[in-house]
Amino acid sequence: MPMNAAFFNQHGGPGEIRVGDVSSPSRGPGDVVVGVEAAALNHLDLHVLRGIPGLSLELPHVGGSDIAGVVVEVGADEDEWAPGDRVVIDPGVSCQECAICASDQAPLCPRYGIIGEHRWGGFAERVVVPARNLYRLPDDYPFETAAAAPLVFQTAWRALMSRARLEPGEAVLVTGASGGVSTAAIQIARLAGATVLAVTSGAENVERVRELGANHVIDRTEEDFAVAVRRITEKRGVDVVLDSVGEAMWEGCVRSLASDGRLVTYGGTSGPIVTLDVRRLFWKQLHIIGSTMASRSEFRAVMDLVFAGRLMPVVDRVMPLDAARKAYER
């Protein structure tokens, strides 16, 4: 059965995005079919389009990790979900069979994958996902806002609350502060009672980040952000750095840490190779921590806060599926 979708037949730039009919993926055991009402475009989608080393995709590929919609088809043995149910989808998929999954640590599962990256995503009329990945969407919550939340909020939540173990009264530095995960992290850190320092570039982004609730916003094009952190913290440094930039800002992130500080990394948009003066690491007794995505319980905890209005997804703009290439370009 054909469906309309945004897809690509080969890796490259936004010019490779096509919109047209593709064959609907088949529903397997434990799967449900969801009619897509909204799907958010993330930086991850650009990486998948360009091609990720070590990731071999069957082409054509349909991206889109963040999805909200309505259930349209379930299996005969499905008793929790029914056609017409409003849902948001947890984009993390794991085997659900190993000891790691049983301990609610799905992102560590050897078979872990992400909808829209390792399998077809939501830039289409319909998507097939495991029923266990559905989470009920309140009747009064907009599809577009819900779709902007799952990937970025769960990533920020796990990184700050589970991996960094952020405590009230601590200071946290968020790099790339106008990006999706970072906009979520600023709100989560404030909700946790932390003081938030944020790094971005340009006057417009500075204002946007300040409106999200950051206590101090540093324009990295105007000053060395690590020097600014030392000034703001009166030479102490921050307890936690949350970074996705990687190579270009790594040294400054390490310099920004207080003694016994924790640097949590969940990406490397400027490059994956970093260097580290090990003397700074052991003398200040620093912690370097990796994080990605979230467990099922972490996803549900942060989505409940989103639905309660305590955390607010940032929607840049809403565009029709036919404008998918322009969305990738933006």
# chains A, B, ... in the order shown; residues from 1 in each chain; ligands from 1
$ residues_around --residues "Asn205 of chain A" --least-positions-apart "5" --cutoff "12 Å" --atoms "only C-alpha atoms" --output "list of chain:residue names"
A:Gly176, A:Ala177, A:Ser178, A:Gly179, A:Thr183, A:Ala198, A:Val199, A:Thr200, A:Arg210, A:Glu211, A:Leu212, A:Ala214, A:Val217, A:Ile218, A:Asp219, A:Arg220, A:Thr221
$ residues_around --residues "segment 130-147 of chain A" --least-positions-apart "5" --cutoff "9 Å" --atoms "only C-alpha atoms" --output "ChimeraX atom specification"
/A:28-33,37-40,66-69,74,78,80-81,85-93,296,300,303,306-307,312-315,318
$ closest_atom_pairs --of "segment 49-76 of chain A" --to "segment 101-122 of chain A" --cutoff "9 Å" --atoms "only C-alpha atoms" --output "tab-separated table"
residue	atom	partner	partner_atom	distance
A:Leu55	CA	A:His118	CA	7.9
A:Ser56	CA	A:His118	CA	8.6
A:Leu57	CA	A:His118	CA	7.2
A:Glu58	CA	A:Arg119	CA	8.9
A:His61	CA	A:Trp120	CA	6.2
A:Val62	CA	A:Trp120	CA	5.0
A:Gly63	CA	A:Gly116	CA	4.2
A:Gly64	CA	A:Gly121	CA	4.5
A:Ser65	CA	A:Gly116	CA	4.5
A:Asp66	CA	A:Gly122	CA	7.0
A:Ile67	CA	A:Gly122	CA	5.8
A:Ala68	CA	A:Gly122	CA	8.6
$ residues_around --residues "Gln187 of chain A" --least-positions-apart "2" --cutoff "9 Å" --atoms "only C-alpha atoms" --output "VMD selection string"
chain A and resid 182 to 185 189 to 192 212 to 214 310 to 312
$ select_by_dssp --residues "segment 84-310 of chain A" --states "alpha helix (DSSP H)" --output "PyMOL selection string"
chain A and resi 99-102+143-147+150-157+180-191+203-212+225-232+250-255+278-283+296-307
$ atom_distance --atom1 "atom CA of Arg18 of chain A" --atom2 "atom CA of Val181 of chain A"
27.0 Å
$ atom_distance --atom1 "atom CA of Gly268 of chain A" --atom2 "atom CA of Gly290 of chain A"
11.4 Å
$ closest_residue --among "A:Thr175, A:Glu167, A:His11, A:Lys326" --to "Ser201 of chain A" --atoms "only C-alpha atoms"
A:Thr175
$ residues_around --residues "Leu197 of chain A" --least-positions-apart "6" --cutoff "8 Å" --atoms "only C-alpha atoms" --output "list in words"
Ala171, Val172, Leu173, Val174, Ala214, Asn215, His216, Val217, Ile218 and Val229 of chain A
$ write_last_selection --atoms "C-alpha atoms" --output "compact mmCIF listing (two decimals), in the first residue's frame"
# COMPACT_ATOMS: atom_id res chain seq x y z
CA ALA A 171 25.98 25.35 38.44
CA VAL A 172 25.71 23.84 34.96
CA LEU A 173 27.16 25.04 31.66
CA VAL A 174 25.21 24.18 28.49
CA ALA A 214 19.32 30.67 31.46
CA ASN A 215 20.77 32.73 34.30
CA HIS A 216 23.84 33.77 32.32
CA VAL A 217 24.22 33.68 28.52
CA ILE A 218 27.66 33.88 26.93
CA VAL A 229 32.63 31.09 33.13
$ closest_residue --among "A:Glu170, A:Glu73, A:Asp243, A:Glu222" --to "Gly35 of chain A" --atoms "only C-alpha atoms"
A:Glu73
$ select_by_dssp --residues "segment 139-188 of chain A" --states "strand (DSSP E or B)" --output "number ranges by chain"
A: 171-174
$ closest_residue --among "A:Arg126, A:Arg325, A:His43, A:Arg231" --to "Glu16 of chain A" --atoms "only C-alpha atoms"
A:Arg325
$ atom_distance --atom1 "atom CA of Ser23 of chain A" --atom2 "atom CA of Ala324 of chain A"
18.4 Å
$ residues_around --residues "Asp260 of chain A" --least-positions-apart "4" --cutoff "12 Å" --atoms "only C-alpha atoms" --output "list in words"
Ala164, Arg236, Gly237, Val238, Asp239, Val240, Val241, Val254, Ser256, Arg280, Leu281, Phe282, Trp283, Lys284, Gln285, Leu286, His287 and Ile288 of chain A
